[in-house]
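Participant: Here's a structure for you.
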Amino acid sequence: MPQTETPGTEVTPRTRLRWWTELPLILLVYGCYTAGRLLARGDVSTAVDHGLAILRFERAFHLNAEHPLNRLFTREPWLGVPADFWYASLHYVVTPIILVWLFRTRAEHYRAARTWLMSSTFIGLIGFTLLPTCPPRLLSPGYGFVDTMAHYSSYGWWGGEASAPRGMGAMTNQYAAMPSLHVGWALWCGVMLWRHGGTRLTKVLGVAYPLLTAIVVMGTANHYFLDAAAGVAVMGVGLLIAPRVTRATDLLRARLVTRATSAAPGSDGAVSPIVSGECQTSVGEYIPRQRESRHDAAAEPDVSPSDAGEDAPAPAR
């Protein structure tokens, strides 16, 4: 149905999303996320100080759930090994799958969901930059944490440095623990499954996935409890600013389109400029004479010279 315009309101045309524009955008954001983690390594001693400060705060308020979980995962391989696989893979698999699923089946919700995720990711990058934090697994052994990724490295593709494949640990920033975007992205996935899944199973998965991810990141000694809480807070802030980001991008796009239209050759700013020979083009028309001009539409039908000679009155003698 054509859009109807209500007096006093402005109809905003919908932008049809294309996968060949969405994919580069998502890859760009992920590239910035990865590059930001690498560039914001910070000073190691400062990162250790931040990690110890978080640990002292948690102990003072009895929030250090990562300690008993880490002991459990270290003692029980049937828990520790699956947790390491969970940490090393699902973060990079489930989130893209949810994005593709939304794009293909919930297109009306996709743009808002994508903007929320990207806005939160950039906020997380600010946290990595301003607050480099040593994860529990990199503290000295006296603090009682075991790096389960290194402990069970013979079971998977990762080595002793984070979840990177063997030999690629130097390409990661191991001090980007605050906030935990593992938890933040998992929360986003859970909300999408709960809101748009439509079945009881997807709602159960929507609750279970972020909760289990929070347990995994603490049990593997990759994050503190406060890292996980900060990941949730970052997603909350991202949700609040996402509508403003959307409006800002819409305004920028409209200005760019207007500027490009006004700068086009032969354009005088009118909606249907006259290109040549009084032949007009409208939106979507690129070839003159695709439709009649006002002058031709108002004119009488053409009369051939031969017809004119037959029907013309004889000249007076």
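Every chain in the structure tokens has a letter given in the order shown (A, B, ...), and although residue numbers restart at 1 in each chain, ligands are simply numbered from 1 in the order shown.
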Counting only C-alpha atoms, what is within 10 Å of stretch 70-73 of chain A, bar same-chain residues fewer than 4 positions away, as a PDB file with C-alpha atoms, in the first residue's frame?
Facilitator:
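This went into part-v7.pdb:
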ATOM      1  CA  ALA A  65      32.331 -15.801  42.585  1.00  0.00           C
ATOM      2  CA  GLU A  66      35.148 -16.432  40.098  1.00  0.00           C
ATOM      3  CA  PRO A  77      37.686 -31.681  33.441  1.00  0.00           C
ATOM      4  CA  TRP A  78      34.166 -32.581  32.330  1.00  0.00           C
ATOM      5  CA  LEU A  79      33.266 -28.992  33.268  1.00  0.00           C
ATOM      6  CA  GLY A  80      36.515 -27.230  32.489  1.00  0.00           C
ATOM      7  CA  VAL A  81      37.080 -28.561  28.971  1.00  0.00           C
ATOM      8  CA  PRO A  82      33.571 -27.721  27.618  1.00  0.00           C
ATOM      9  CA  ALA A  83      33.845 -24.324  29.306  1.00  0.00           C
ATOM     10  CA  ASP A  84      37.086 -23.630  27.462  1.00  0.00           C
ATOM     11  CA  PRO A 136      42.495 -13.422  37.177  1.00  0.00           C
ATOM     12  CA  ARG A 137      44.383 -16.095  35.217  1.00  0.00           C
ATOM     13  CA  GLY A 144      44.897 -18.978  43.701  1.00  0.00           C
ATOM     14  CA  PHE A 145      43.690 -18.784  40.082  1.00  0.00           C
ATOM     15  CA  VAL A 146      44.435 -21.365  37.380  1.00  0.00           C
ATOM     16  CA  ASP A 147      44.343 -20.561  33.679  1.00  0.00           C
ATOM     17  CA  THR A 148      42.075 -23.363  32.489  1.00  0.00           C
ATOM     18  CA  ILE A 215      29.682 -18.569  34.602  1.00  0.00           C
ATOM     19  CA  VAL A 216      32.161 -19.683  31.922  1.00  0.00           C
ATOM     20  CA  VAL A 217      34.144 -16.432  31.798  1.00  0.00           C
ATOM     21  CA  MET A 218      34.561 -16.512  35.577  1.00  0.00           C
ATOM     22  CA  GLY A 219      35.198 -20.233  35.884  1.00  0.00           C
ATOM     23  CA  THR A 220      37.947 -20.124  33.252  1.00  0.00           C
ATOM     24  CA  ALA A 221      39.547 -17.192  35.150  1.00  0.00           C
ATOM     25  CA  ASN A 222      39.256 -14.897  32.144  1.00  0.00           C
TER      26      ASN A 222
END
Participant: Tell me, which residues of stretch 12-241 of chain A carry DSSP strand (DSSP E or B), written as a list in words?
Facilitator: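 Answer for stretch 12-241 of chain A, restricted to strand (DSSP E or B): Thr133, Trp158, Pro165 and Ala176 of chain A.
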Participant: Dump N, CA, C and O atoms for the selected residues as an mmCIF file, in the first residue's frame?
Facilitator:
data_model
loop_
_atom_site.group_PDB
_atom_site.id
_atom_site.type_symbol
_atom_site.label_atom_id
_atom_site.label_comp_id
_atom_site.auth_asym_id
_atom_site.auth_seq_id
_atom_site.Cartn_x
_atom_site.Cartn_y
_atom_site.Cartn_z
ATOM 1 N N THR A 133 42.968 -4.048 32.216
ATOM 2 C CA THR A 133 42.782 -4.851 33.431
ATOM 3 C C THR A 133 43.361 -6.236 33.243
ATOM 4 O O THR A 133 43.078 -6.906 32.239
ATOM 5 N N TRP A 158 43.645 -23.913 21.169
ATOM 6 C CA TRP A 158 44.257 -22.757 21.798
ATOM 7 C C TRP A 158 45.554 -23.148 22.504
ATOM 8 O O TRP A 158 45.809 -24.303 22.824
ATOM 9 N N PRO A 165 44.599 -19.257 18.768
ATOM 10 C CA PRO A 165 45.258 -20.492 18.341
ATOM 11 C C PRO A 165 46.726 -20.499 18.726
ATOM 12 O O PRO A 165 47.339 -19.449 18.939
ATOM 13 N N ALA A 176 42.543 -6.840 28.137
ATOM 14 C CA ALA A 176 41.263 -6.190 27.814
ATOM 15 C C ALA A 176 40.139 -6.960 28.492
ATOM 16 O O ALA A 176 39.293 -7.580 27.844
#
Participant: Could you tell me which of A:Asn64, A:Ser89, A:Ser180, A:Thr129 comes closest to A:Val234 if we count only C-alpha atoms?
Facilitator: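 Closest to A:Val234, using only C-alpha atoms: A:Ser180.
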Participant: What is the distance, in Å and to one decimal place, between atom CA of A:Tyr87 and atom CA of A:Met149?
Facilitator: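 Going from atom CA of A:Tyr87 over to atom CA of A:Met149 covers 9.1 Å.
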Participant: Give me the residues near stretch 52-57 of chain A as a compact mmCIF listing (two decimals) with N, CA and C atoms, in the first residue's frame, where near means some atom within 8 Å (using only C-alpha atoms) and where sequence neighbours in that chain fewer than 4 positions away do not count.
Facilitator:
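Final output, part.txt:
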# COMPACT_ATOMS: atom_id res chain seq x y z
N VAL A 48 47.72 -4.86 36.06
CA VAL A 48 47.74 -5.72 37.24
C VAL A 48 47.16 -4.98 38.44
N PHE A 61 33.15 -7.18 49.49
CA PHE A 61 31.68 -7.28 49.45
C PHE A 61 31.21 -8.70 49.12
N ASN A 64 33.32 -12.26 44.96
CA ASN A 64 34.33 -12.96 44.15
C ASN A 64 33.89 -14.39 43.82
N TYR A 224 36.62 -11.22 35.98
CA TYR A 224 36.08 -11.09 37.32
C TYR A 224 34.56 -10.95 37.23
N LEU A 226 32.93 -8.46 38.41
CA LEU A 226 32.65 -7.08 38.04
C LEU A 226 32.85 -6.84 36.54
Participant: Please identify all polymer residues within 8 Å of A:Thr115, counting only C-alpha atoms, omitting same-chain residues fewer than 3 positions from it, and present them as a ChimeraX atom specification.
Facilitator: /A:111-112,118-119,242,245-246
Participant: Based on the selection just made, write all heavy atoms of those residues as a tab-separated table (two decimals), in the first residue's frame.
Facilitator:
chain	number	residue	atom	x	y	z
A	111	ARG	N	17.78	-3.59	12.04
A	111	ARG	CA	18.61	-2.39	12.10
A	111	ARG	C	18.78	-1.88	13.53
A	111	ARG	O	19.88	-1.52	13.95
A	111	ARG	CB	18.00	-1.29	11.22
A	111	ARG	CG	18.93	-0.11	11.06
A	111	ARG	CD	18.29	1.00	10.26
A	111	ARG	NE	19.21	2.12	10.12
A	111	ARG	CZ	18.83	3.37	9.95
A	111	ARG	NH1	17.53	3.66	9.88
A	111	ARG	NH2	19.71	4.34	9.84
A	112	ALA	N	17.69	-1.87	14.31
A	112	ALA	CA	17.79	-1.42	15.70
A	112	ALA	C	18.68	-2.36	16.51
A	112	ALA	O	19.49	-1.91	17.33
A	112	ALA	CB	16.39	-1.35	16.32
A	118	MET	N	26.47	-2.63	17.90
A	118	MET	CA	27.65	-1.87	17.51
A	118	MET	C	27.94	-0.73	18.47
A	118	MET	O	29.11	-0.47	18.81
A	118	MET	CB	27.46	-1.34	16.09
A	118	MET	CG	27.44	-2.42	15.03
A	118	MET	SD	27.26	-1.73	13.37
A	118	MET	CE	27.40	-3.23	12.40
A	119	SER	N	26.91	-0.05	18.92
A	119	SER	CA	27.12	1.05	19.86
A	119	SER	C	27.74	0.54	21.16
A	119	SER	O	28.68	1.15	21.70
A	119	SER	CB	25.78	1.75	20.16
A	119	SER	OG	25.19	2.24	18.98
A	242	ALA	N	21.33	3.83	21.28
A	242	ALA	CA	21.12	3.31	19.93
A	242	ALA	C	20.09	4.12	19.13
A	242	ALA	O	20.33	4.40	17.95
A	242	ALA	CB	20.73	1.83	19.99
A	245	VAL	N	21.80	7.18	17.88
A	245	VAL	CA	22.74	6.85	16.81
A	245	VAL	C	22.00	6.65	15.50
A	245	VAL	O	22.44	7.11	14.44
A	245	VAL	CB	23.56	5.60	17.18
A	245	VAL	CG1	24.42	5.14	16.00
A	245	VAL	CG2	24.44	5.88	18.39
A	246	THR	N	20.86	5.97	15.56
A	246	THR	CA	20.07	5.74	14.35
A	246	THR	C	19.59	7.06	13.75
A	246	THR	O	19.67	7.27	12.53
A	246	THR	CB	18.87	4.84	14.67
A	246	THR	OG1	19.34	3.59	15.17
A	246	THR	CG2	18.03	4.60	13.42
Participant: Counting only C-alpha atoms, figure out which residue out of A:Met192, A:Leu201, A:Leu251, A:Gly236 gets nearest to A:Phe103.
Facilitator: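 Closest residue, counting only C-alpha atoms: A:Met192.
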Participant: Which residues are near A:Ala229? Cut-off 10 Å, only C-alpha atoms, ignore same chain within fewer than 4 positions. Put them as a list in words.
Facilitator: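 Here the answer would be Met178, Pro179, Ser180, Val183, Gly184, Ala214, Tyr224, Phe225, Ala233 and Val234 of chain A.
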Participant: With N, CA and C atoms retained, write the just-selected residues as a PDB file, in the first residue's frame.
Facilitator:
ATOM      1  N   MET A 178      38.105  -5.621  31.096  1.00  0.00           N
ATOM      2  CA  MET A 178      37.026  -4.769  31.609  1.00  0.00           C
ATOM      3  C   MET A 178      36.547  -3.828  30.508  1.00  0.00           C
ATOM      4  N   PRO A 179      35.284  -3.942  30.066  1.00  0.00           N
ATOM      5  CA  PRO A 179      34.242  -4.882  30.493  1.00  0.00           C
ATOM      6  C   PRO A 179      34.332  -6.199  29.721  1.00  0.00           C
ATOM      7  N   SER A 180      33.539  -7.173  30.123  1.00  0.00           N
ATOM      8  CA  SER A 180      33.502  -8.446  29.422  1.00  0.00           C
ATOM      9  C   SER A 180      32.473  -8.374  28.296  1.00  0.00           C
ATOM     10  N   VAL A 183      30.260 -11.494  27.843  1.00  0.00           N
ATOM     11  CA  VAL A 183      28.968 -11.450  28.539  1.00  0.00           C
ATOM     12  C   VAL A 183      28.026 -10.463  27.849  1.00  0.00           C
ATOM     13  N   GLY A 184      28.558  -9.315  27.429  1.00  0.00           N
ATOM     14  CA  GLY A 184      27.709  -8.317  26.785  1.00  0.00           C
ATOM     15  C   GLY A 184      27.081  -8.825  25.510  1.00  0.00           C
ATOM     16  N   ALA A 214      28.347 -16.061  31.496  1.00  0.00           N
ATOM     17  CA  ALA A 214      28.898 -15.379  32.663  1.00  0.00           C
ATOM     18  C   ALA A 214      29.610 -16.367  33.581  1.00  0.00           C
ATOM     19  N   TYR A 224      36.623 -11.219  35.982  1.00  0.00           N
ATOM     20  CA  TYR A 224      36.078 -11.092  37.323  1.00  0.00           C
ATOM     21  C   TYR A 224      34.559 -10.949  37.229  1.00  0.00           C
ATOM     22  N   PHE A 225      33.921 -11.074  38.388  1.00  0.00           N
ATOM     23  CA  PHE A 225      32.481 -10.862  38.426  1.00  0.00           C
ATOM     24  C   PHE A 225      32.135  -9.443  37.990  1.00  0.00           C
ATOM     25  N   ALA A 233      26.284  -3.638  31.963  1.00  0.00           N
ATOM     26  CA  ALA A 233      26.064  -2.190  32.013  1.00  0.00           C
ATOM     27  C   ALA A 233      26.343  -1.540  30.664  1.00  0.00           C
ATOM     28  N   VAL A 234      27.389  -1.992  29.991  1.00  0.00           N
ATOM     29  CA  VAL A 234      27.720  -1.445  28.673  1.00  0.00           C
ATOM     30  C   VAL A 234      26.578  -1.690  27.692  1.00  0.00           C
TER      31      VAL A 234
END
Participant: Name the residues in contact with A:Met235 at a cut-off of 7 Å, using only C-alpha atoms, excluding same-chain residues fewer than 3 positions from it; report them as JSON, numbers by chain.
Facilitator: {"A": [120, 184, 231, 232, 238, 239]}
Participant: Go ahead and save the picked residues with N, CA and C atoms, as a short mmCIF file (atom, residue, chain, number, x, y, z; two decimals), in the first residue's frame.
Facilitator:
data_model
loop_
_atom_site.label_atom_id
_atom_site.label_comp_id
_atom_site.auth_asym_id
_atom_site.auth_seq_id
_atom_site.Cartn_x
_atom_site.Cartn_y
_atom_site.Cartn_z
N SER A 120 27.25 -0.60 21.64
CA SER A 120 27.79 -1.17 22.87
C SER A 120 29.23 -1.62 22.69
N GLY A 184 28.56 -9.31 27.43
CA GLY A 184 27.71 -8.32 26.79
C GLY A 184 27.08 -8.83 25.51
N GLY A 231 29.99 -5.65 31.58
CA GLY A 231 29.50 -6.02 30.25
C GLY A 231 28.01 -5.80 30.13
N VAL A 232 27.26 -6.14 31.18
CA VAL A 232 25.81 -5.91 31.19
C VAL A 232 25.52 -4.41 31.17
N GLY A 238 24.44 1.09 25.71
CA GLY A 238 24.30 0.99 24.25
C GLY A 238 22.85 0.97 23.81
N LEU A 239 22.00 0.31 24.60
CA LEU A 239 20.57 0.28 24.27
C LEU A 239 19.96 1.68 24.37
#
Participant: Quick check for you: according to DSSP on this backbone, which residues of stretch 162-230 of chain A are classed as alpha helix (DSSP H)? Reply as number ranges by chain.
Facilitator: A: 181-196, 200-219, 225-230
